[in-house]
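Here is the structure we will look at, set down as structure tokens.
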Amino acid sequence: MFRRRQQRDVPELNTTSTADISFMLLIFFLVASSMDDIDKVMPRQLPPPEESTQVQELVVKQRNALVLKLDADNRLTCNDEVITPEALTERVEEFVANAKNDPSLPEKSRREVNLFGLCEVSDKHVIMIEADSKATYDAYFQMQNAIARGYMHLRNQLAMQHFGRPLTKCTPEEREAIQMVYPQRISDRSETEEGGEQ
Amino acid sequence: MRFDRYSFRKKQRPDVPMLNTASLPDLIFTVLFFFMLVTHMRSAEEKVRYSIPQGQELQSLTHKASNCYIFIGRQPGAAPDEFSIQINDKVVKLADVEKCVDAERAKMASDDQAYMTVTIKADKQVPVGLITEVKKALKKTYALKINYSATEK
């Protein structure tokens, strides 16, 4: 009994400084990292530069175009009527979906879509944006946001109807199919408008 | 004899037993890991001040390796309508945006270059004209995928 006790008495490793070391690490991470969450972004695709593709004046039928203008005082007009971003969301929805096949709203074409089969696709509409160079970025962004919301509502509706779950829960394949039905067609013409300003 | 030890001896020896700090490192490590998980490294030192707009239809930024930041805001002490452009670490002139984006692309791994995205973090008050000029420069260098950065409303 006595002997055993003596044998067990190995000197313990001194771990008093481990706390200090980990404190150091902790402080390093506190200083070198930032708390704000990962960036939230709205993705957009720019068209390729004009030189590379033939400059083709895109002729769009009037029924297929929704002309959005943002003037220097940040006033938003949609086909020459003043509109708020909230109303714009509904307008975009109505415009893109054209649920009643209204002849004044965009044409649709019948197409074979993966998972949906033959269905009507709204692939002719164009949302044309013209922003004055003196408008603020905030107003421009709110407009883009409103448009994106409109599309998102439509796609979500379709996802709920067909797959019984919101778009965020859909598989990539399903999402792609939905994007085929309601493609995002936005044309930003601000660049061509202002020429070589600034 | 137990009784004795508790009531009597203590008073004689004011030797307080040491606090056991054996679990302290574990505690601190837990806090450390928590911070390592919820924070992320600061990517670039921001030399311009900006407040980004708010939006609802936002997505999380993915593929950080192929991402390049453009900040547009005011430098400290600048006039309210004087905006500067910063690409990753350095403040650049509008005319140099194209060159700098090219240089940033060259720095990326060749796999990422094809997926290069430019995230624009611009102040709310920036005129659209400046944004359009930046976009034009991006188009010229074929950095066609862009992101507008915003905060969730």
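Ordering of the structure tokens sets the chain letters (A, B, ...); residue numbers start at 1 within each chain; ligands are numbered from 1 in the order shown.
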(request) Can you list, as a ChimeraX atom specification, all residues belonging to chain B that DSSP tags as alpha helix (DSSP H)? (result) /B:2-4,10-12,24-38,97-107,110-113,128-140
If you count only C-alpha atoms, which residues fall within 7 Å of stretch 53-61 of chain B, apart from same-chain ones fewer than 5 positions away, as a compact mmCIF listing (two decimals) with all heavy atoms, in the first residue's frame?
# COMPACT_ATOMS: atom_id res chain seq x y z
N ILE A 38 -21.23 37.42 -42.73
CA ILE A 38 -20.75 37.28 -44.09
C ILE A 38 -21.59 38.16 -45.02
O ILE A 38 -22.79 38.32 -44.82
CB ILE A 38 -20.82 35.80 -44.52
CG1 ILE A 38 -19.89 35.00 -43.61
CG2 ILE A 38 -20.41 35.64 -45.96
CD1 ILE A 38 -20.18 33.54 -43.59
N ASP A 39 -20.89 38.73 -45.99
CA ASP A 39 -21.54 39.70 -46.86
C ASP A 39 -22.77 39.16 -47.54
O ASP A 39 -22.78 38.05 -48.05
CB ASP A 39 -20.54 40.15 -47.93
CG ASP A 39 -19.46 40.98 -47.32
OD1 ASP A 39 -19.78 41.77 -46.44
OD2 ASP A 39 -18.31 40.82 -47.72
N LYS A 40 -23.79 40.00 -47.56
CA LYS A 40 -25.00 39.69 -48.30
C LYS A 40 -24.94 40.48 -49.59
O LYS A 40 -24.65 41.68 -49.56
CB LYS A 40 -26.22 40.09 -47.49
CG LYS A 40 -26.41 39.27 -46.24
CD LYS A 40 -26.97 37.94 -46.61
CE LYS A 40 -27.30 37.14 -45.37
NZ LYS A 40 -27.78 35.82 -45.72
N VAL A 41 -25.18 39.83 -50.68
CA VAL A 41 -25.01 40.52 -51.94
C VAL A 41 -26.17 40.23 -52.90
O VAL A 41 -26.91 39.27 -52.72
CB VAL A 41 -23.71 40.09 -52.65
CG1 VAL A 41 -22.51 40.53 -51.86
CG2 VAL A 41 -23.68 38.60 -52.88
N MET A 42 -26.32 41.11 -53.88
CA MET A 42 -27.27 40.86 -54.95
C MET A 42 -26.49 40.66 -56.24
O MET A 42 -25.88 41.59 -56.74
CB MET A 42 -28.22 42.06 -55.08
CG MET A 42 -29.27 41.83 -56.12
SD MET A 42 -30.16 43.32 -56.46
CE MET A 42 -31.08 43.45 -54.97
N ASP A 138 -28.39 54.48 -53.75
CA ASP A 138 -29.42 53.90 -52.90
C ASP A 138 -30.71 53.70 -53.68
O ASP A 138 -31.30 52.62 -53.67
CB ASP A 138 -29.66 54.81 -51.69
CG ASP A 138 -30.50 54.13 -50.63
OD1 ASP A 138 -30.37 52.90 -50.49
OD2 ASP A 138 -31.29 54.81 -49.97
N GLN A 142 -32.49 50.23 -54.60
CA GLN A 142 -33.87 49.91 -54.20
C GLN A 142 -34.68 49.46 -55.40
O GLN A 142 -35.51 48.56 -55.30
CB GLN A 142 -34.54 51.12 -53.54
CG GLN A 142 -33.97 51.52 -52.19
CD GLN A 142 -33.81 50.34 -51.24
OE1 GLN A 142 -34.61 49.41 -51.25
NE2 GLN A 142 -32.76 50.35 -50.45
N ASN A 145 -33.61 46.00 -56.21
CA ASN A 145 -34.14 45.13 -55.17
C ASN A 145 -35.62 44.83 -55.42
O ASN A 145 -36.07 43.69 -55.29
CB ASN A 145 -33.94 45.80 -53.81
CG ASN A 145 -34.33 44.92 -52.66
OD1 ASN A 145 -33.85 43.80 -52.56
ND2 ASN A 145 -35.21 45.39 -51.82
N ALA A 148 -35.90 42.39 -58.22
CA ALA A 148 -35.51 41.05 -57.76
C ALA A 148 -36.60 40.43 -56.89
O ALA A 148 -36.87 39.23 -56.96
CB ALA A 148 -34.20 41.13 -56.98
N ARG A 149 -37.25 41.28 -56.10
CA ARG A 149 -38.35 40.78 -55.26
C ARG A 149 -39.50 40.26 -56.09
O ARG A 149 -40.09 39.22 -55.79
CB ARG A 149 -38.89 41.91 -54.38
CG ARG A 149 -38.16 42.10 -53.11
CD ARG A 149 -38.98 42.92 -52.19
NE ARG A 149 -39.81 42.05 -51.37
CZ ARG A 149 -40.41 42.47 -50.28
NH1 ARG A 149 -40.31 43.70 -49.90
NH2 ARG A 149 -41.12 41.64 -49.58
N LYS B 124 -24.48 54.80 -50.07
CA LYS B 124 -25.81 55.08 -50.59
C LYS B 124 -25.85 56.35 -51.43
O LYS B 124 -26.67 56.49 -52.32
CB LYS B 124 -26.78 55.28 -49.42
CG LYS B 124 -27.17 54.01 -48.71
CD LYS B 124 -28.18 54.37 -47.66
CE LYS B 124 -28.28 53.32 -46.60
NZ LYS B 124 -29.07 53.79 -45.45
N ALA B 150 -25.11 44.64 -49.80
CA ALA B 150 -26.14 45.34 -49.04
C ALA B 150 -26.33 44.66 -47.71
O ALA B 150 -25.83 43.55 -47.49
CB ALA B 150 -27.45 45.37 -49.81
N THR B 151 -27.06 45.33 -46.83
CA THR B 151 -27.39 44.67 -45.56
C THR B 151 -28.84 44.21 -45.62
O THR B 151 -29.66 44.82 -46.31
CB THR B 151 -27.22 45.62 -44.37
OG1 THR B 151 -27.89 46.84 -44.67
CG2 THR B 151 -25.77 45.88 -44.09
N GLU B 152 -29.11 43.17 -44.89
CA GLU B 152 -30.48 42.64 -44.86
C GLU B 152 -31.37 43.60 -44.10
O GLU B 152 -31.00 44.10 -43.05
CB GLU B 152 -30.47 41.28 -44.17
CG GLU B 152 -31.67 40.44 -44.48
CD GLU B 152 -31.37 39.44 -45.60
OE1 GLU B 152 -30.32 38.81 -45.59
OE2 GLU B 152 -32.24 39.33 -46.47
N LYS B 153 -32.55 43.87 -44.67
CA LYS B 153 -33.46 44.80 -44.00
C LYS B 153 -34.22 44.06 -42.90
O LYS B 153 -34.64 42.94 -43.13
CB LYS B 153 -34.45 45.33 -45.02
CG LYS B 153 -35.04 46.66 -44.61
CD LYS B 153 -36.05 47.12 -45.65
CE LYS B 153 -35.56 48.35 -46.37
NZ LYS B 153 -36.42 48.70 -47.49
Using only C-alpha atoms, select each residue of chain A with any atom at most 7 Å away from an atom of chain B, and give the selection as a JSON list (two decimals) with all heavy atoms, in the first residue's frame.
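Wrote it out as result-v8.json, contents follow:
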[["chain", "number", "residue", "atom", "x", "y", "z"],
["A", 18, "THR", "N", -0.91, 27.34, -19.58],
["A", 18, "THR", "CA", -1.80, 27.04, -20.71],
["A", 18, "THR", "C", -2.90, 28.08, -20.82],
["A", 18, "THR", "O", -3.28, 28.50, -21.91],
["A", 18, "THR", "CB", -2.44, 25.66, -20.53],
["A", 18, "THR", "OG1", -1.54, 24.83, -19.83],
["A", 18, "THR", "CG2", -2.78, 25.06, -21.87],
["A", 19, "ALA", "N", -3.40, 28.48, -19.66],
["A", 19, "ALA", "CA", -4.46, 29.48, -19.65],
["A", 19, "ALA", "C", -3.96, 30.77, -20.29],
["A", 19, "ALA", "O", -4.66, 31.38, -21.12],
["A", 19, "ALA", "CB", -4.90, 29.74, -18.23],
["A", 22, "SER", "N", -3.68, 30.30, -24.06],
["A", 22, "SER", "CA", -4.96, 30.33, -24.77],
["A", 22, "SER", "C", -5.58, 31.73, -24.72],
["A", 22, "SER", "O", -6.26, 32.12, -25.66],
["A", 22, "SER", "CB", -5.91, 29.27, -24.25],
["A", 22, "SER", "OG", -5.73, 29.07, -22.89],
["A", 23, "PHE", "N", -5.30, 32.45, -23.64],
["A", 23, "PHE", "CA", -5.76, 33.84, -23.60],
["A", 23, "PHE", "C", -5.14, 34.64, -24.73],
["A", 23, "PHE", "O", -5.82, 35.42, -25.39],
["A", 23, "PHE", "CB", -5.38, 34.50, -22.27],
["A", 23, "PHE", "CG", -6.55, 34.65, -21.34],
["A", 23, "PHE", "CD1", -6.48, 34.18, -20.04],
["A", 23, "PHE", "CD2", -7.71, 35.26, -21.78],
["A", 23, "PHE", "CE1", -7.57, 34.32, -19.20],
["A", 23, "PHE", "CE2", -8.80, 35.40, -20.94],
["A", 23, "PHE", "CZ", -8.73, 34.92, -19.62],
["A", 26, "LEU", "N", -6.85, 33.77, -27.88],
["A", 26, "LEU", "CA", -8.18, 34.37, -27.88],
["A", 26, "LEU", "C", -8.10, 35.83, -28.25],
["A", 26, "LEU", "O", -8.85, 36.30, -29.12],
["A", 26, "LEU", "CB", -8.79, 34.20, -26.49],
["A", 26, "LEU", "CG", -10.16, 34.84, -26.28],
["A", 26, "LEU", "CD1", -11.18, 34.15, -27.14],
["A", 26, "LEU", "CD2", -10.55, 34.76, -24.82],
["A", 29, "PHE", "N", -7.39, 36.37, -31.91],
["A", 29, "PHE", "CA", -8.55, 36.19, -32.79],
["A", 29, "PHE", "C", -9.55, 37.32, -32.64],
["A", 29, "PHE", "O", -10.19, 37.72, -33.61],
["A", 29, "PHE", "CB", -9.21, 34.84, -32.53],
["A", 29, "PHE", "CG", -8.61, 33.77, -33.37],
["A", 29, "PHE", "CD1", -7.60, 32.96, -32.88],
["A", 29, "PHE", "CD2", -9.02, 33.60, -34.68],
["A", 29, "PHE", "CE1", -7.02, 32.00, -33.66],
["A", 29, "PHE", "CE2", -8.44, 32.63, -35.47],
["A", 29, "PHE", "CZ", -7.44, 31.83, -34.97],
["A", 32, "ALA", "N", -7.97, 40.14, -34.75],
["A", 32, "ALA", "CA", -7.76, 39.94, -36.18],
["A", 32, "ALA", "C", -9.04, 39.59, -36.93],
["A", 32, "ALA", "O", -9.04, 39.52, -38.14],
["A", 32, "ALA", "CB", -6.73, 38.85, -36.41],
["A", 33, "SER", "N", -10.13, 39.36, -36.23],
["A", 33, "SER", "CA", -11.34, 38.99, -36.96],
["A", 33, "SER", "C", -12.42, 40.01, -36.69],
["A", 33, "SER", "O", -12.34, 40.79, -35.75],
["A", 33, "SER", "CB", -11.80, 37.61, -36.53],
["A", 33, "SER", "OG", -12.07, 37.61, -35.16],
["A", 34, "SER", "N", -13.40, 40.00, -37.54],
["A", 34, "SER", "CA", -14.50, 40.92, -37.33],
["A", 34, "SER", "C", -15.78, 40.14, -37.18],
["A", 34, "SER", "O", -15.94, 39.07, -37.75],
["A", 34, "SER", "CB", -14.58, 41.91, -38.47],
["A", 34, "SER", "OG", -14.73, 41.22, -39.67],
["A", 35, "MET", "N", -16.69, 40.71, -36.45],
["A", 35, "MET", "CA", -17.89, 40.00, -36.05],
["A", 35, "MET", "C", -18.97, 40.07, -37.12],
["A", 35, "MET", "O", -19.80, 39.18, -37.21],
["A", 35, "MET", "CB", -18.38, 40.63, -34.75],
["A", 35, "MET", "CG", -19.36, 39.86, -33.95],
["A", 35, "MET", "SD", -18.77, 38.28, -33.38],
["A", 35, "MET", "CE", -19.80, 38.04, -31.97],
["A", 38, "ILE", "N", -21.23, 37.42, -42.73],
["A", 38, "ILE", "CA", -20.75, 37.28, -44.09],
["A", 38, "ILE", "C", -21.59, 38.16, -45.02],
["A", 38, "ILE", "O", -22.79, 38.32, -44.82],
["A", 38, "ILE", "CB", -20.82, 35.80, -44.52],
["A", 38, "ILE", "CG1", -19.89, 35.00, -43.61],
["A", 38, "ILE", "CG2", -20.41, 35.64, -45.96],
["A", 38, "ILE", "CD1", -20.18, 33.54, -43.59],
["A", 39, "ASP", "N", -20.89, 38.73, -45.99],
["A", 39, "ASP", "CA", -21.54, 39.70, -46.86],
["A", 39, "ASP", "C", -22.77, 39.16, -47.54],
["A", 39, "ASP", "O", -22.78, 38.05, -48.05],
["A", 39, "ASP", "CB", -20.54, 40.15, -47.93],
["A", 39, "ASP", "CG", -19.46, 40.98, -47.32],
["A", 39, "ASP", "OD1", -19.78, 41.77, -46.44],
["A", 39, "ASP", "OD2", -18.31, 40.82, -47.72],
["A", 40, "LYS", "N", -23.79, 40.00, -47.56],
["A", 40, "LYS", "CA", -25.00, 39.69, -48.30],
["A", 40, "LYS", "C", -24.94, 40.48, -49.59],
["A", 40, "LYS", "O", -24.65, 41.68, -49.56],
["A", 40, "LYS", "CB", -26.22, 40.09, -47.49],
["A", 40, "LYS", "CG", -26.41, 39.27, -46.24],
["A", 40, "LYS", "CD", -26.97, 37.94, -46.61],
["A", 40, "LYS", "CE", -27.30, 37.14, -45.37],
["A", 40, "LYS", "NZ", -27.78, 35.82, -45.72],
["A", 41, "VAL", "N", -25.18, 39.83, -50.68],
["A", 41, "VAL", "CA", -25.01, 40.52, -51.94],
["A", 41, "VAL", "C", -26.17, 40.23, -52.90],
["A", 41, "VAL", "O", -26.91, 39.27, -52.72],
["A", 41, "VAL", "CB", -23.71, 40.09, -52.65],
["A", 41, "VAL", "CG1", -22.51, 40.53, -51.86],
["A", 41, "VAL", "CG2", -23.68, 38.60, -52.88],
["A", 42, "MET", "N", -26.32, 41.11, -53.88],
["A", 42, "MET", "CA", -27.27, 40.86, -54.95],
["A", 42, "MET", "C", -26.49, 40.66, -56.24],
["A", 42, "MET", "O", -25.88, 41.59, -56.74],
["A", 42, "MET", "CB", -28.22, 42.06, -55.08],
["A", 42, "MET", "CG", -29.27, 41.83, -56.12],
["A", 42, "MET", "SD", -30.16, 43.32, -56.46],
["A", 42, "MET", "CE", -31.08, 43.45, -54.97],
["A", 43, "PRO", "N", -26.46, 39.46, -56.75],
["A", 43, "PRO", "CA", -25.65, 39.19, -57.94],
["A", 43, "PRO", "C", -26.29, 39.73, -59.22],
["A", 43, "PRO", "O", -27.51, 39.69, -59.36],
["A", 43, "PRO", "CB", -25.56, 37.67, -57.99],
["A", 43, "PRO", "CG", -26.59, 37.16, -57.08],
["A", 43, "PRO", "CD", -27.14, 38.27, -56.25],
["A", 44, "ARG", "N", -25.48, 40.24, -60.08],
["A", 44, "ARG", "CA", -25.93, 40.71, -61.40],
["A", 44, "ARG", "C", -24.88, 40.33, -62.43],
["A", 44, "ARG", "O", -23.70, 40.24, -62.12],
["A", 44, "ARG", "CB", -26.10, 42.22, -61.40],
["A", 44, "ARG", "CG", -27.37, 42.70, -60.74],
["A", 44, "ARG", "CD", -28.55, 42.53, -61.66],
["A", 44, "ARG", "NE", -29.80, 42.82, -60.99],
["A", 44, "ARG", "CZ", -30.49, 41.95, -60.28],
["A", 44, "ARG", "NH1", -30.04, 40.72, -60.13],
["A", 44, "ARG", "NH2", -31.62, 42.28, -59.71],
["A", 45, "GLN", "N", -25.34, 40.13, -63.63],
["A", 45, "GLN", "CA", -24.42, 39.78, -64.72],
["A", 45, "GLN", "C", -24.34, 40.96, -65.68],
["A", 45, "GLN", "O", -25.36, 41.47, -66.10],
["A", 45, "GLN", "CB", -24.94, 38.53, -65.43],
["A", 45, "GLN", "CG", -24.12, 38.07, -66.59],
["A", 45, "GLN", "CD", -22.97, 37.18, -66.16],
["A", 45, "GLN", "OE1", -23.08, 36.47, -65.17],
["A", 45, "GLN", "NE2", -21.90, 37.20, -66.91],
["A", 46, "LEU", "N", -23.14, 41.39, -65.99],
["A", 46, "LEU", "CA", -22.99, 42.48, -66.94],
["A", 46, "LEU", "C", -22.94, 41.91, -68.35],
["A", 46, "LEU", "O", -22.45, 40.80, -68.56],
["A", 46, "LEU", "CB", -21.69, 43.24, -66.67],
["A", 46, "LEU", "CG", -21.57, 44.01, -65.36],
["A", 46, "LEU", "CD1", -20.19, 44.61, -65.26],
["A", 46, "LEU", "CD2", -22.61, 45.09, -65.28],
["A", 47, "PRO", "N", -23.44, 42.68, -69.32],
["A", 47, "PRO", "CA", -23.31, 42.22, -70.70],
["A", 47, "PRO", "C", -21.87, 42.39, -71.16],
["A", 47, "PRO", "O", -21.16, 43.24, -70.63],
["A", 47, "PRO", "CB", -24.25, 43.13, -71.46],
["A", 47, "PRO", "CG", -24.33, 44.36, -70.64],
["A", 47, "PRO", "CD", -24.14, 43.94, -69.21],
["A", 48, "PRO", "N", -21.42, 41.59, -72.12],
["A", 48, "PRO", "CA", -20.05, 41.77, -72.61],
["A", 48, "PRO", "C", -19.90, 43.12, -73.30],
["A", 48, "PRO", "O", -20.89, 43.70, -73.74],
["A", 48, "PRO", "CB", -19.88, 40.62, -73.61],
["A", 48, "PRO", "CG", -21.25, 40.17, -73.93],
["A", 48, "PRO", "CD", -22.12, 40.50, -72.79],
["A", 49, "PRO", "N", -18.66, 43.63, -73.39],
["A", 49, "PRO", "CA", -18.46, 44.94, -74.01],
["A", 49, "PRO", "C", -18.93, 44.97, -75.46],
["A", 49, "PRO", "O", -18.90, 43.95, -76.14],
["A", 49, "PRO", "CB", -16.96, 45.16, -73.90],
["A", 49, "PRO", "CG", -16.37, 43.84, -73.61],
["A", 49, "PRO", "CD", -17.42, 43.05, -72.90],
["A", 132, "ASP", "N", -30.45, 57.96, -64.38],
["A", 132, "ASP", "CA", -29.70, 59.19, -64.58],
["A", 132, "ASP", "C", -28.41, 59.11, -63.78],
["A", 132, "ASP", "O", -28.38, 58.55, -62.68],
["A", 132, "ASP", "CB", -30.53, 60.38, -64.11],
["A", 132, "ASP", "CG", -29.92, 61.69, -64.52],
["A", 132, "ASP", "OD1", -28.98, 62.14, -63.86],
["A", 132, "ASP", "OD2", -30.39, 62.24, -65.52],
["A", 133, "SER", "N", -27.35, 59.70, -64.32],
["A", 133, "SER", "CA", -26.06, 59.55, -63.63],
["A", 133, "SER", "C", -26.02, 60.32, -62.31],
["A", 133, "SER", "O", -25.15, 60.11, -61.50],
["A", 133, "SER", "CB", -24.92, 60.00, -64.54],
["A", 133, "SER", "OG", -25.06, 61.36, -64.83],
["A", 134, "LYS", "N", -26.99, 61.20, -62.10],
["A", 134, "LYS", "CA", -26.98, 61.96, -60.83],
["A", 134, "LYS", "C", -27.86, 61.32, -59.77],
["A", 134, "LYS", "O", -27.88, 61.77, -58.62],
["A", 134, "LYS", "CB", -27.40, 63.40, -61.07],
["A", 134, "LYS", "CG", -26.33, 64.21, -61.77],
["A", 134, "LYS", "CD", -26.76, 65.64, -61.92],
["A", 134, "LYS", "CE", -25.99, 66.31, -63.04],
["A", 134, "LYS", "NZ", -26.38, 65.80, -64.38],
["A", 135, "ALA", "N", -28.60, 60.32, -60.13],
["A", 135, "ALA", "CA", -29.41, 59.61, -59.12],
["A", 135, "ALA", "C", -28.47, 58.95, -58.12],
["A", 135, "ALA", "O", -27.31, 58.69, -58.43],
["A", 135, "ALA", "CB", -30.26, 58.57, -59.81],
["A", 136, "THR", "N", -28.97, 58.68, -56.91],
["A", 136, "THR", "CA", -28.08, 58.07, -55.92],
["A", 136, "THR", "C", -28.10, 56.54, -56.07],
["A", 136, "THR", "O", -29.07, 55.96, -56.57],
["A", 136, "THR", "CB", -28.48, 58.42, -54.48],
["A", 136, "THR", "OG1", -29.79, 57.93, -54.25],
["A", 136, "THR", "CG2", -28.42, 59.90, -54.23],
["A", 137, "TYR", "N", -27.04, 55.97, -55.62],
["A", 137, "TYR", "CA", -26.89, 54.51, -55.67],
["A", 137, "TYR", "C", -27.99, 53.84, -54.85],
["A", 137, "TYR", "O", -28.47, 52.78, -55.21],
["A", 137, "TYR", "CB", -25.51, 54.16, -55.13],
["A", 137, "TYR", "CG", -25.24, 52.69, -54.97],
["A", 137, "TYR", "CD1", -25.25, 51.84, -56.08],
["A", 137, "TYR", "CD2", -24.94, 52.14, -53.73],
["A", 137, "TYR", "CE1", -24.99, 50.50, -55.94],
["A", 137, "TYR", "CE2", -24.68, 50.80, -53.58],
["A", 137, "TYR", "CZ", -24.71, 49.98, -54.70],
["A", 137, "TYR", "OH", -24.45, 48.65, -54.55],
["A", 138, "ASP", "N", -28.39, 54.48, -53.75],
["A", 138, "ASP", "CA", -29.42, 53.90, -52.90],
["A", 138, "ASP", "C", -30.71, 53.70, -53.68],
["A", 138, "ASP", "O", -31.30, 52.62, -53.67],
["A", 138, "ASP", "CB", -29.66, 54.81, -51.69],
["A", 138, "ASP", "CG", -30.50, 54.13, -50.63],
["A", 138, "ASP", "OD1", -30.37, 52.90, -50.49],
["A", 138, "ASP", "OD2", -31.29, 54.81, -49.97],
["A", 142, "GLN", "N", -32.49, 50.23, -54.60],
["A", 142, "GLN", "CA", -33.87, 49.91, -54.20],
["A", 142, "GLN", "C", -34.68, 49.46, -55.40],
["A", 142, "GLN", "O", -35.51, 48.56, -55.30],
["A", 142, "GLN", "CB", -34.54, 51.12, -53.54],
["A", 142, "GLN", "CG", -33.97, 51.52, -52.19],
["A", 142, "GLN", "CD", -33.81, 50.34, -51.24],
["A", 142, "GLN", "OE1", -34.61, 49.41, -51.25],
["A", 142, "GLN", "NE2", -32.76, 50.35, -50.45],
["A", 145, "ASN", "N", -33.61, 46.00, -56.21],
["A", 145, "ASN", "CA", -34.14, 45.13, -55.17],
["A", 145, "ASN", "C", -35.62, 44.83, -55.42],
["A", 145, "ASN", "O", -36.07, 43.69, -55.29],
["A", 145, "ASN", "CB", -33.94, 45.80, -53.81],
["A", 145, "ASN", "CG", -34.33, 44.92, -52.66],
["A", 145, "ASN", "OD1", -33.85, 43.80, -52.56],
["A", 145, "ASN", "ND2", -35.21, 45.39, -51.82],
["A", 148, "ALA", "N", -35.90, 42.39, -58.22],
["A", 148, "ALA", "CA", -35.51, 41.05, -57.76],
["A", 148, "ALA", "C", -36.60, 40.43, -56.89],
["A", 148, "ALA", "O", -36.87, 39.23, -56.96],
["A", 148, "ALA", "CB", -34.20, 41.13, -56.98],
["A", 149, "ARG", "N", -37.25, 41.28, -56.10],
["A", 149, "ARG", "CA", -38.35, 40.78, -55.26],
["A", 149, "ARG", "C", -39.50, 40.26, -56.09],
["A", 149, "ARG", "O", -40.09, 39.22, -55.79],
["A", 149, "ARG", "CB", -38.89, 41.91, -54.38],
["A", 149, "ARG", "CG", -38.16, 42.10, -53.11],
["A", 149, "ARG", "CD", -38.98, 42.92, -52.19],
["A", 149, "ARG", "NE", -39.81, 42.05, -51.37],
["A", 149, "ARG", "CZ", -40.41, 42.47, -50.28],
["A", 149, "ARG", "NH1", -40.31, 43.70, -49.90],
["A", 149, "ARG", "NH2", -41.12, 41.64, -49.58],
["A", 191, "GLU", "N", -25.55, 53.04, -69.24],
["A", 191, "GLU", "CA", -24.23, 53.32, -69.80],
["A", 191, "GLU", "C", -24.34, 54.01, -71.15],
["A", 191, "GLU", "O", -23.67, 54.99, -71.40],
["A", 191, "GLU", "CB", -23.43, 52.03, -70.01],
["A", 191, "GLU", "CG", -23.18, 51.25, -68.78],
["A", 191, "GLU", "CD", -24.09, 50.06, -68.66],
["A", 191, "GLU", "OE1", -25.20, 50.19, -68.12],
["A", 191, "GLU", "OE2", -23.70, 49.00, -69.12]]
Residues of stretch 107-144 of chain A that approach stretch 61-73 of chain A to 7 Å or less, counting only C-alpha atoms: could you list each one with the shortest pair of atoms and its distance in Å to one decimal, rows by chain and increasing residue number, as CSV?
residue,atom,partner,partner_atom,distance
A:Glu107,CA,A:Asn64,CA,6.6
A:Lys124,CA,A:Asn64,CA,6.3
A:His125,CA,A:Asn64,CA,4.5
A:Val126,CA,A:Ala65,CA,5.0
A:Ile127,CA,A:Leu66,CA,4.8
A:Met128,CA,A:Val67,CA,4.8
A:Ile129,CA,A:Leu68,CA,4.9
A:Glu130,CA,A:Lys69,CA,4.8
A:Ala131,CA,A:Leu70,CA,4.6
A:Asp132,CA,A:Asp71,CA,5.0
A:Lys134,CA,A:Ala72,CA,4.9
A:Ala135,CA,A:Ala72,CA,4.5
(request) Please identify all polymer residues within 9 Å of stretch 63-72 of chain B, counting only C-alpha atoms, omitting same-chain residues fewer than 2 positions from it, and present them as a ChimeraX atom specification. (result) /B:44,46-50,61,74,83-89,91,101,104-105,108-109,111-123,126,131
